[in-house]
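Down below is the structure, laid out as structure tokens.
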Amino acid sequence: MEEDDFEIEGGILKEYTGSAEIVEIPAGVTEIGRSAFEDCTSLVSVVIPEGVTYIGSHAFEDCTSLESVIIPSSVTEIEEGVFCHCTSLMSVAIPDGVTEIGRSAFDDCRSLASVIIPGSVTYIGNYAFGQCTSLASVVIPSSVTEINHHVFASCTSLKSVTIPDGVTYIGEQAFSGCISLPDVTIPGTVSEIGEYAFSFCKPFMEIRFAGSKEQWAAVTKAKTWRSCTLFCKERMLR
């Protein structure tokens, strides 16, 4: 790794042109620009220094050998497509202080087996963890009120998901194609469920609604929202 490999202007890392497997971004960088490392297929590990506050959209997209990344606590937002198609990325620690995870941020990270979403996150964009086929469990923090469309679609190894009280909306195909998910509990705060939200899932998957039958009747539901068995407070709804 050479200093000449970095194009930096005014603290913004605009482009990395090297081919190193391990990269430490120089101190003094405050922003990583859009697509700065895109298609760096030799990159295996990257360390982002404290002081970086912004990582631009698609910054590490298609870094297909990237296995690990350290995101500093100074980052508050993970933009659209930042790690999209990083098919070797196995784990990522999203620091406290991050408030938004953008659209397709980790889409198609097929090796991502675990992720911790901190309680500071209030927004998770469409397709954020779609096609993360190794992801086995996820806990959505209580700070999140909407599960947008395709957020966990085709997470074929997902066996456990916690949807917190306070969530009001579960979007189109949010959990579609989660063929290993045996059951899920929808909190009584949910008021709308989109098309195919729980379709193409595990056969005989059970969905439990934590509210009453009256609350369930008030939920706006797309006709095609599920293909599974539904229970409400221990009693099946037919």
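Identifiers in the structure tokens: chain A, B, ... in order shown; residue index from 1 per chain; ligand index from 1 in order shown.
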Legend entry - Sel. of strand (DSSP E or B) residues, range 6-154 of chain A, as number ranges by chain: A: 6-9, 12-16, 22-24, 31-32, 45-47, 54-55, 68-70, 77-78, 91-93, 100-101, 114-116, 123-124, 137-139, 146-147
Legend entry - Selection near Ala105 in chain A, 8 Å with only C-alpha atoms, sequence-local residues under 6 positions removed, as a ChimeraX atom specification: /A:78-84,125,127-129
For the residues in that selection, give me N, CA, C and O atoms as a compact mmCIF listing (two decimals), in the first residue's frame.
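selection_32.txt was written with the following content:
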```txt
# COMPACT_ATOMS: atom_id res chain seq x y z
N ILE A 78 -24.77 5.01 7.32
CA ILE A 78 -24.24 4.10 6.32
C ILE A 78 -25.09 4.29 5.08
O ILE A 78 -26.27 3.93 5.04
N GLU A 79 -24.50 4.87 4.06
CA GLU A 79 -25.24 5.31 2.88
C GLU A 79 -25.67 4.14 1.98
O GLU A 79 -25.31 2.98 2.20
N GLU A 80 -26.39 4.48 0.95
CA GLU A 80 -26.91 3.52 -0.01
C GLU A 80 -25.80 2.70 -0.65
O GLU A 80 -24.80 3.25 -1.13
N GLY A 81 -25.97 1.37 -0.63
CA GLY A 81 -25.09 0.48 -1.38
C GLY A 81 -23.64 0.45 -0.95
O GLY A 81 -22.79 -0.01 -1.71
N VAL A 82 -23.32 0.90 0.27
CA VAL A 82 -21.92 1.03 0.68
C VAL A 82 -21.17 -0.29 0.57
O VAL A 82 -20.05 -0.35 0.07
N PHE A 83 -21.79 -1.39 1.03
CA PHE A 83 -21.14 -2.71 0.99
C PHE A 83 -21.90 -3.69 0.09
O PHE A 83 -21.75 -4.91 0.22
N CYS A 84 -22.68 -3.17 -0.81
CA CYS A 84 -23.48 -4.01 -1.70
C CYS A 84 -22.59 -4.95 -2.52
O CYS A 84 -21.55 -4.54 -3.04
N GLY A 125 -33.10 1.11 5.34
CA GLY A 125 -33.62 1.32 3.99
C GLY A 125 -34.02 0.04 3.28
O GLY A 125 -33.67 -1.08 3.69
N TYR A 127 -34.10 -3.09 0.95
CA TYR A 127 -33.07 -4.04 0.50
C TYR A 127 -31.80 -4.00 1.36
O TYR A 127 -30.76 -4.56 0.96
N ALA A 128 -31.81 -3.37 2.52
CA ALA A 128 -30.58 -3.15 3.29
C ALA A 128 -29.80 -4.44 3.54
O ALA A 128 -28.57 -4.46 3.44
N PHE A 129 -30.52 -5.53 3.87
CA PHE A 129 -29.87 -6.82 4.14
C PHE A 129 -30.43 -7.91 3.22
O PHE A 129 -30.33 -9.10 3.52
```
Legend entry - Which of range 20-222 of chain A fall in alpha helix (DSSP H), as a ChimeraX atom specification: /A:213-218
Take the residues from that selection and write them out as a PDB file, in the first residue's frame, keeping all heavy atoms.
```pdb
ATOM      1  N   LYS A 213     -57.540  -9.733  18.767  1.00  0.00           N
ATOM      2  CA  LYS A 213     -58.217  -9.933  17.491  1.00  0.00           C
ATOM      3  C   LYS A 213     -58.752  -8.609  16.949  1.00  0.00           C
ATOM      4  O   LYS A 213     -58.749  -8.373  15.742  1.00  0.00           O
ATOM      5  CB  LYS A 213     -59.366 -10.927  17.648  1.00  0.00           C
ATOM      6  CG  LYS A 213     -58.933 -12.382  17.593  1.00  0.00           C
ATOM      7  CD  LYS A 213     -60.157 -13.266  17.418  1.00  0.00           C
ATOM      8  CE  LYS A 213     -59.743 -14.709  17.158  1.00  0.00           C
ATOM      9  NZ  LYS A 213     -60.906 -15.572  16.863  1.00  0.00           N
ATOM     10  N   GLU A 214     -59.189  -7.761  17.857  1.00  0.00           N
ATOM     11  CA  GLU A 214     -59.702  -6.456  17.439  1.00  0.00           C
ATOM     12  C   GLU A 214     -58.588  -5.610  16.817  1.00  0.00           C
ATOM     13  O   GLU A 214     -58.792  -4.941  15.793  1.00  0.00           O
ATOM     14  CB  GLU A 214     -60.320  -5.724  18.629  1.00  0.00           C
ATOM     15  CG  GLU A 214     -61.622  -6.320  19.138  1.00  0.00           C
ATOM     16  CD  GLU A 214     -61.424  -7.622  19.915  1.00  0.00           C
ATOM     17  OE1 GLU A 214     -60.291  -7.894  20.371  1.00  0.00           O
ATOM     18  OE2 GLU A 214     -62.420  -8.381  20.045  1.00  0.00           O
ATOM     19  N   GLN A 215     -57.429  -5.645  17.435  1.00  0.00           N
ATOM     20  CA  GLN A 215     -56.287  -4.913  16.872  1.00  0.00           C
ATOM     21  C   GLN A 215     -55.897  -5.487  15.509  1.00  0.00           C
ATOM     22  O   GLN A 215     -55.594  -4.748  14.572  1.00  0.00           O
ATOM     23  CB  GLN A 215     -55.087  -4.987  17.829  1.00  0.00           C
ATOM     24  CG  GLN A 215     -55.209  -4.123  19.063  1.00  0.00           C
ATOM     25  CD  GLN A 215     -54.035  -4.350  20.007  1.00  0.00           C
ATOM     26  OE1 GLN A 215     -53.833  -5.446  20.522  1.00  0.00           O
ATOM     27  NE2 GLN A 215     -53.251  -3.305  20.221  1.00  0.00           N
ATOM     28  N   TRP A 216     -55.922  -6.811  15.428  1.00  0.00           N
ATOM     29  CA  TRP A 216     -55.558  -7.457  14.161  1.00  0.00           C
ATOM     30  C   TRP A 216     -56.527  -7.069  13.049  1.00  0.00           C
ATOM     31  O   TRP A 216     -56.121  -6.810  11.924  1.00  0.00           O
ATOM     32  CB  TRP A 216     -55.528  -8.975  14.328  1.00  0.00           C
ATOM     33  CG  TRP A 216     -55.166  -9.681  13.055  1.00  0.00           C
ATOM     34  CD1 TRP A 216     -55.971 -10.447  12.289  1.00  0.00           C
ATOM     35  CD2 TRP A 216     -53.901  -9.644  12.393  1.00  0.00           C
ATOM     36  NE1 TRP A 216     -55.290 -10.917  11.187  1.00  0.00           N
ATOM     37  CE2 TRP A 216     -54.021 -10.439  11.224  1.00  0.00           C
ATOM     38  CE3 TRP A 216     -52.684  -9.042  12.672  1.00  0.00           C
ATOM     39  CZ2 TRP A 216     -52.963 -10.624  10.337  1.00  0.00           C
ATOM     40  CZ3 TRP A 216     -51.621  -9.230  11.796  1.00  0.00           C
ATOM     41  CH2 TRP A 216     -51.773 -10.006  10.648  1.00  0.00           C
ATOM     42  N   ALA A 217     -57.784  -6.995  13.373  1.00  0.00           N
ATOM     43  CA  ALA A 217     -58.787  -6.630  12.373  1.00  0.00           C
ATOM     44  C   ALA A 217     -58.562  -5.220  11.843  1.00  0.00           C
ATOM     45  O   ALA A 217     -58.931  -4.906  10.707  1.00  0.00           O
ATOM     46  CB  ALA A 217     -60.181  -6.751  12.974  1.00  0.00           C
ATOM     47  N   ALA A 218     -57.928  -4.380  12.645  1.00  0.00           N
ATOM     48  CA  ALA A 218     -57.688  -2.984  12.253  1.00  0.00           C
ATOM     49  C   ALA A 218     -56.412  -2.809  11.430  1.00  0.00           C
ATOM     50  O   ALA A 218     -56.178  -1.736  10.864  1.00  0.00           O
ATOM     51  CB  ALA A 218     -57.632  -2.099  13.491  1.00  0.00           C
TER      52      ALA A 218
END
```
Could you pull the residues within 12 Å of Val151 in chain A, counting only C-alpha atoms, minus those fewer than 5 positions along the same chain, as a PDB file with N, CA and C atoms, in the first residue's frame?
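Final file, selection05.pdb:
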```pdb
ATOM      1  N   ILE A 101     -29.265   3.219   8.132  1.00  0.00           N
ATOM      2  CA  ILE A 101     -28.632   2.222   7.263  1.00  0.00           C
ATOM      3  C   ILE A 101     -29.353   2.328   5.932  1.00  0.00           C
ATOM      4  N   GLY A 102     -28.647   2.755   4.908  1.00  0.00           N
ATOM      5  CA  GLY A 102     -29.265   3.113   3.643  1.00  0.00           C
ATOM      6  C   GLY A 102     -29.717   1.930   2.797  1.00  0.00           C
ATOM      7  N   ARG A 103     -30.436   2.256   1.756  1.00  0.00           N
ATOM      8  CA  ARG A 103     -30.939   1.278   0.792  1.00  0.00           C
ATOM      9  C   ARG A 103     -29.792   0.409   0.267  1.00  0.00           C
ATOM     10  N   SER A 104     -29.985  -0.897   0.292  1.00  0.00           N
ATOM     11  CA  SER A 104     -29.026  -1.868  -0.264  1.00  0.00           C
ATOM     12  C   SER A 104     -27.643  -1.786   0.367  1.00  0.00           C
ATOM     13  N   ALA A 105     -27.551  -1.258   1.588  1.00  0.00           N
ATOM     14  CA  ALA A 105     -26.241  -1.059   2.218  1.00  0.00           C
ATOM     15  C   ALA A 105     -25.431  -2.350   2.296  1.00  0.00           C
ATOM     16  N   PHE A 106     -26.104  -3.479   2.618  1.00  0.00           N
ATOM     17  CA  PHE A 106     -25.431  -4.779   2.724  1.00  0.00           C
ATOM     18  C   PHE A 106     -26.086  -5.809   1.792  1.00  0.00           C
ATOM     19  N   ASP A 107     -26.751  -5.353   0.782  1.00  0.00           N
ATOM     20  CA  ASP A 107     -27.454  -6.250  -0.131  1.00  0.00           C
ATOM     21  C   ASP A 107     -26.479  -7.228  -0.780  1.00  0.00           C
ATOM     22  N   ASP A 108     -26.846  -8.503  -0.791  1.00  0.00           N
ATOM     23  CA  ASP A 108     -26.056  -9.553  -1.437  1.00  0.00           C
ATOM     24  C   ASP A 108     -24.702  -9.769  -0.761  1.00  0.00           C
ATOM     25  N   TYR A 123     -33.627   4.129  11.168  1.00  0.00           N
ATOM     26  CA  TYR A 123     -34.099   3.900   9.791  1.00  0.00           C
ATOM     27  C   TYR A 123     -33.247   2.833   9.131  1.00  0.00           C
ATOM     28  N   ILE A 124     -33.921   1.853   8.530  1.00  0.00           N
ATOM     29  CA  ILE A 124     -33.251   0.816   7.739  1.00  0.00           C
ATOM     30  C   ILE A 124     -33.893   0.834   6.353  1.00  0.00           C
ATOM     31  N   GLY A 125     -33.103   1.115   5.338  1.00  0.00           N
ATOM     32  CA  GLY A 125     -33.620   1.315   3.992  1.00  0.00           C
ATOM     33  C   GLY A 125     -34.015   0.037   3.276  1.00  0.00           C
ATOM     34  N   ASN A 126     -34.719   0.195   2.182  1.00  0.00           N
ATOM     35  CA  ASN A 126     -35.131  -0.922   1.339  1.00  0.00           C
ATOM     36  C   ASN A 126     -33.927  -1.768   0.928  1.00  0.00           C
ATOM     37  N   TYR A 127     -34.105  -3.093   0.955  1.00  0.00           N
ATOM     38  CA  TYR A 127     -33.069  -4.038   0.502  1.00  0.00           C
ATOM     39  C   TYR A 127     -31.797  -4.004   1.361  1.00  0.00           C
ATOM     40  N   ALA A 128     -31.805  -3.366   2.518  1.00  0.00           N
ATOM     41  CA  ALA A 128     -30.577  -3.150   3.288  1.00  0.00           C
ATOM     42  C   ALA A 128     -29.800  -4.437   3.540  1.00  0.00           C
ATOM     43  N   PHE A 129     -30.516  -5.529   3.870  1.00  0.00           N
ATOM     44  CA  PHE A 129     -29.868  -6.818   4.136  1.00  0.00           C
ATOM     45  C   PHE A 129     -30.435  -7.913   3.221  1.00  0.00           C
ATOM     46  N   GLY A 130     -30.994  -7.524   2.111  1.00  0.00           N
ATOM     47  CA  GLY A 130     -31.535  -8.493   1.175  1.00  0.00           C
ATOM     48  C   GLY A 130     -30.471  -9.443   0.647  1.00  0.00           C
ATOM     49  N   GLN A 131     -30.822 -10.693   0.487  1.00  0.00           N
ATOM     50  CA  GLN A 131     -29.938 -11.715  -0.083  1.00  0.00           C
ATOM     51  C   GLN A 131     -28.687 -11.967   0.764  1.00  0.00           C
ATOM     52  N   CYS A 132     -28.778 -11.671   2.064  1.00  0.00           N
ATOM     53  CA  CYS A 132     -27.688 -12.057   2.975  1.00  0.00           C
ATOM     54  C   CYS A 132     -27.952 -13.507   3.375  1.00  0.00           C
ATOM     55  N   VAL A 138     -31.248 -11.922  13.669  1.00  0.00           N
ATOM     56  CA  VAL A 138     -31.173 -10.465  13.700  1.00  0.00           C
ATOM     57  C   VAL A 138     -32.132  -9.943  14.758  1.00  0.00           C
ATOM     58  N   ILE A 140     -33.887  -6.427  15.684  1.00  0.00           N
ATOM     59  CA  ILE A 140     -34.176  -5.069  15.228  1.00  0.00           C
ATOM     60  C   ILE A 140     -34.388  -4.207  16.471  1.00  0.00           C
ATOM     61  N   GLU A 146     -40.254   1.299  11.315  1.00  0.00           N
ATOM     62  CA  GLU A 146     -40.694   0.772  10.031  1.00  0.00           C
ATOM     63  C   GLU A 146     -39.679  -0.244   9.507  1.00  0.00           C
ATOM     64  N   ILE A 170     -44.645  -3.040   8.226  1.00  0.00           N
ATOM     65  CA  ILE A 170     -43.794  -4.088   7.659  1.00  0.00           C
ATOM     66  C   ILE A 170     -44.040  -4.070   6.157  1.00  0.00           C
ATOM     67  N   GLY A 171     -43.020  -3.735   5.404  1.00  0.00           N
ATOM     68  CA  GLY A 171     -43.178  -3.447   3.987  1.00  0.00           C
ATOM     69  C   GLY A 171     -43.224  -4.662   3.079  1.00  0.00           C
ATOM     70  N   GLU A 172     -43.460  -4.371   1.819  1.00  0.00           N
ATOM     71  CA  GLU A 172     -43.547  -5.374   0.765  1.00  0.00           C
ATOM     72  C   GLU A 172     -42.319  -6.275   0.746  1.00  0.00           C
ATOM     73  N   GLN A 173     -42.553  -7.580   0.815  1.00  0.00           N
ATOM     74  CA  GLN A 173     -41.507  -8.608   0.726  1.00  0.00           C
ATOM     75  C   GLN A 173     -40.400  -8.413   1.770  1.00  0.00           C
ATOM     76  N   ALA A 174     -40.731  -7.817   2.903  1.00  0.00           N
ATOM     77  CA  ALA A 174     -39.722  -7.561   3.934  1.00  0.00           C
ATOM     78  C   ALA A 174     -38.989  -8.834   4.357  1.00  0.00           C
ATOM     79  N   PHE A 175     -39.734  -9.949   4.484  1.00  0.00           N
ATOM     80  CA  PHE A 175     -39.144 -11.231   4.883  1.00  0.00           C
ATOM     81  C   PHE A 175     -39.437 -12.311   3.841  1.00  0.00           C
ATOM     82  N   SER A 176     -39.770 -11.924   2.648  1.00  0.00           N
ATOM     83  CA  SER A 176     -40.082 -12.879   1.596  1.00  0.00           C
ATOM     84  C   SER A 176     -38.883 -13.781   1.299  1.00  0.00           C
ATOM     85  N   GLY A 177     -39.147 -15.064   1.150  1.00  0.00           N
ATOM     86  CA  GLY A 177     -38.066 -15.991   0.788  1.00  0.00           C
ATOM     87  C   GLY A 177     -37.171 -16.390   1.940  1.00  0.00           C
ATOM     88  N   CYS A 178     -37.577 -16.089   3.178  1.00  0.00           N
ATOM     89  CA  CYS A 178     -36.792 -16.520   4.351  1.00  0.00           C
ATOM     90  C   CYS A 178     -37.202 -17.959   4.688  1.00  0.00           C
ATOM     91  N   ALA A 197     -45.115  -9.824   2.332  1.00  0.00           N
ATOM     92  CA  ALA A 197     -44.185  -9.541   3.427  1.00  0.00           C
ATOM     93  C   ALA A 197     -43.592 -10.814   4.022  1.00  0.00           C
ATOM     94  N   PHE A 198     -44.429 -11.866   4.127  1.00  0.00           N
ATOM     95  CA  PHE A 198     -43.972 -13.140   4.684  1.00  0.00           C
ATOM     96  C   PHE A 198     -44.258 -14.298   3.730  1.00  0.00           C
TER      97      PHE A 198
END
```
Inset, instruction - Quick one: everything within 10 Å of Thr41 in chain A, counting only C-alpha atoms, minus sequence neighbours fewer than 2 positions away in the same chain. Send it as a PyMOL selection string. - result: chain A and resi 19-21+37-39+43-44+60-66+86
For the selection just defined, write its residues with N, CA and C atoms to a file, as a compact mmCIF listing (two decimals), in the first residue's frame.
```txt
# COMPACT_ATOMS: atom_id res chain seq x y z
N SER A 19 -3.92 -1.95 -5.11
CA SER A 19 -4.40 -3.33 -5.21
C SER A 19 -4.02 -4.14 -3.97
N ALA A 20 -3.77 -3.45 -2.85
CA ALA A 20 -3.39 -4.14 -1.62
C ALA A 20 -4.56 -4.93 -1.05
N GLU A 21 -4.22 -6.00 -0.32
CA GLU A 21 -5.25 -6.80 0.32
C GLU A 21 -5.71 -6.16 1.64
N PHE A 37 -13.83 2.91 -3.36
CA PHE A 37 -13.17 1.60 -3.44
C PHE A 37 -13.95 0.62 -4.32
N GLU A 38 -14.91 1.11 -5.04
CA GLU A 38 -15.76 0.21 -5.82
C GLU A 38 -14.96 -0.66 -6.78
N ASP A 39 -15.28 -1.95 -6.80
CA ASP A 39 -14.62 -2.93 -7.67
C ASP A 39 -13.16 -3.19 -7.31
N LEU A 43 -9.18 -6.34 -2.33
CA LEU A 43 -9.26 -5.83 -0.96
C LEU A 43 -9.90 -6.87 -0.04
N VAL A 44 -9.16 -7.24 1.04
CA VAL A 44 -9.63 -8.24 1.99
C VAL A 44 -10.05 -7.59 3.31
N PHE A 60 -17.78 0.84 -1.15
CA PHE A 60 -17.08 -0.45 -1.21
C PHE A 60 -17.87 -1.49 -2.04
N GLU A 61 -18.76 -1.03 -2.87
CA GLU A 61 -19.57 -1.95 -3.66
C GLU A 61 -18.70 -2.84 -4.55
N ASP A 62 -19.08 -4.11 -4.62
CA ASP A 62 -18.38 -5.09 -5.48
C ASP A 62 -16.94 -5.33 -5.06
N CYS A 63 -16.62 -5.09 -3.79
CA CYS A 63 -15.33 -5.53 -3.25
C CYS A 63 -15.51 -6.98 -2.82
N THR A 64 -15.44 -7.87 -3.76
CA THR A 64 -15.89 -9.24 -3.57
C THR A 64 -14.99 -10.09 -2.68
N SER A 65 -13.77 -9.60 -2.37
CA SER A 65 -12.88 -10.33 -1.47
C SER A 65 -12.88 -9.75 -0.06
N LEU A 66 -13.58 -8.66 0.15
CA LEU A 66 -13.58 -7.98 1.46
C LEU A 66 -14.24 -8.86 2.52
N CYS A 86 -20.63 -7.24 -1.53
CA CYS A 86 -19.38 -7.67 -0.88
C CYS A 86 -19.60 -9.11 -0.42
```
Legend entry - All residues 8 Å or closer to Tyr16 in chain A, only C-alpha atoms, same chain fewer than 4 positions away omitted, as JSON, numbers by chain: {"A": [5, 6, 7, 36, 37]}
Export, as a short mmCIF file (atom, residue, chain, number, x, y, z; two decimals), in the first residue's frame, the selected residues with all heavy atoms.
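Result written to result.cif:
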```cif
data_model
loop_
_atom_site.label_atom_id
_atom_site.label_comp_id
_atom_site.auth_asym_id
_atom_site.auth_seq_id
_atom_site.Cartn_x
_atom_site.Cartn_y
_atom_site.Cartn_z
N ASP A 5 -1.50 5.70 -3.73
CA ASP A 5 -2.70 4.94 -4.08
C ASP A 5 -3.99 5.67 -3.69
O ASP A 5 -5.08 5.27 -4.11
CB ASP A 5 -2.69 3.57 -3.38
CG ASP A 5 -1.58 2.66 -3.91
OD1 ASP A 5 -1.11 2.91 -5.03
OD2 ASP A 5 -1.20 1.72 -3.19
N PHE A 6 -3.85 6.71 -2.86
CA PHE A 6 -5.02 7.44 -2.37
C PHE A 6 -5.11 8.81 -3.04
O PHE A 6 -4.15 9.58 -3.03
CB PHE A 6 -4.93 7.66 -0.85
CG PHE A 6 -4.89 6.38 -0.05
CD1 PHE A 6 -3.67 5.85 0.36
CD2 PHE A 6 -6.05 5.71 0.28
CE1 PHE A 6 -3.62 4.70 1.12
CE2 PHE A 6 -6.01 4.55 1.02
CZ PHE A 6 -4.79 4.03 1.44
N GLU A 7 -6.27 9.10 -3.59
CA GLU A 7 -6.54 10.44 -4.09
C GLU A 7 -7.37 11.17 -3.04
O GLU A 7 -8.55 10.87 -2.84
CB GLU A 7 -7.30 10.39 -5.42
CG GLU A 7 -7.58 11.77 -5.99
CD GLU A 7 -8.46 11.73 -7.23
OE1 GLU A 7 -8.52 10.67 -7.89
OE2 GLU A 7 -9.10 12.77 -7.52
N ALA A 36 -15.48 5.17 -3.86
CA ALA A 36 -14.03 5.33 -3.71
C ALA A 36 -13.26 4.02 -3.85
O ALA A 36 -12.15 3.99 -4.40
CB ALA A 36 -13.71 5.98 -2.37
N PHE A 37 -13.83 2.91 -3.36
CA PHE A 37 -13.17 1.60 -3.44
C PHE A 37 -13.95 0.62 -4.32
O PHE A 37 -13.65 -0.57 -4.33
CB PHE A 37 -13.03 1.00 -2.03
CG PHE A 37 -12.03 1.68 -1.15
CD1 PHE A 37 -12.39 2.80 -0.41
CD2 PHE A 37 -10.73 1.21 -1.05
CE1 PHE A 37 -11.48 3.42 0.42
CE2 PHE A 37 -9.81 1.83 -0.23
CZ PHE A 37 -10.18 2.94 0.52
#
```
Inset, instruction - May I have the residues within 7 Å of Pro118 in chain A as a PyMOL selection string, using only C-alpha atoms and disregarding those fewer than 5 positions away in the same chain? - result: chain A and resi 94-96+141
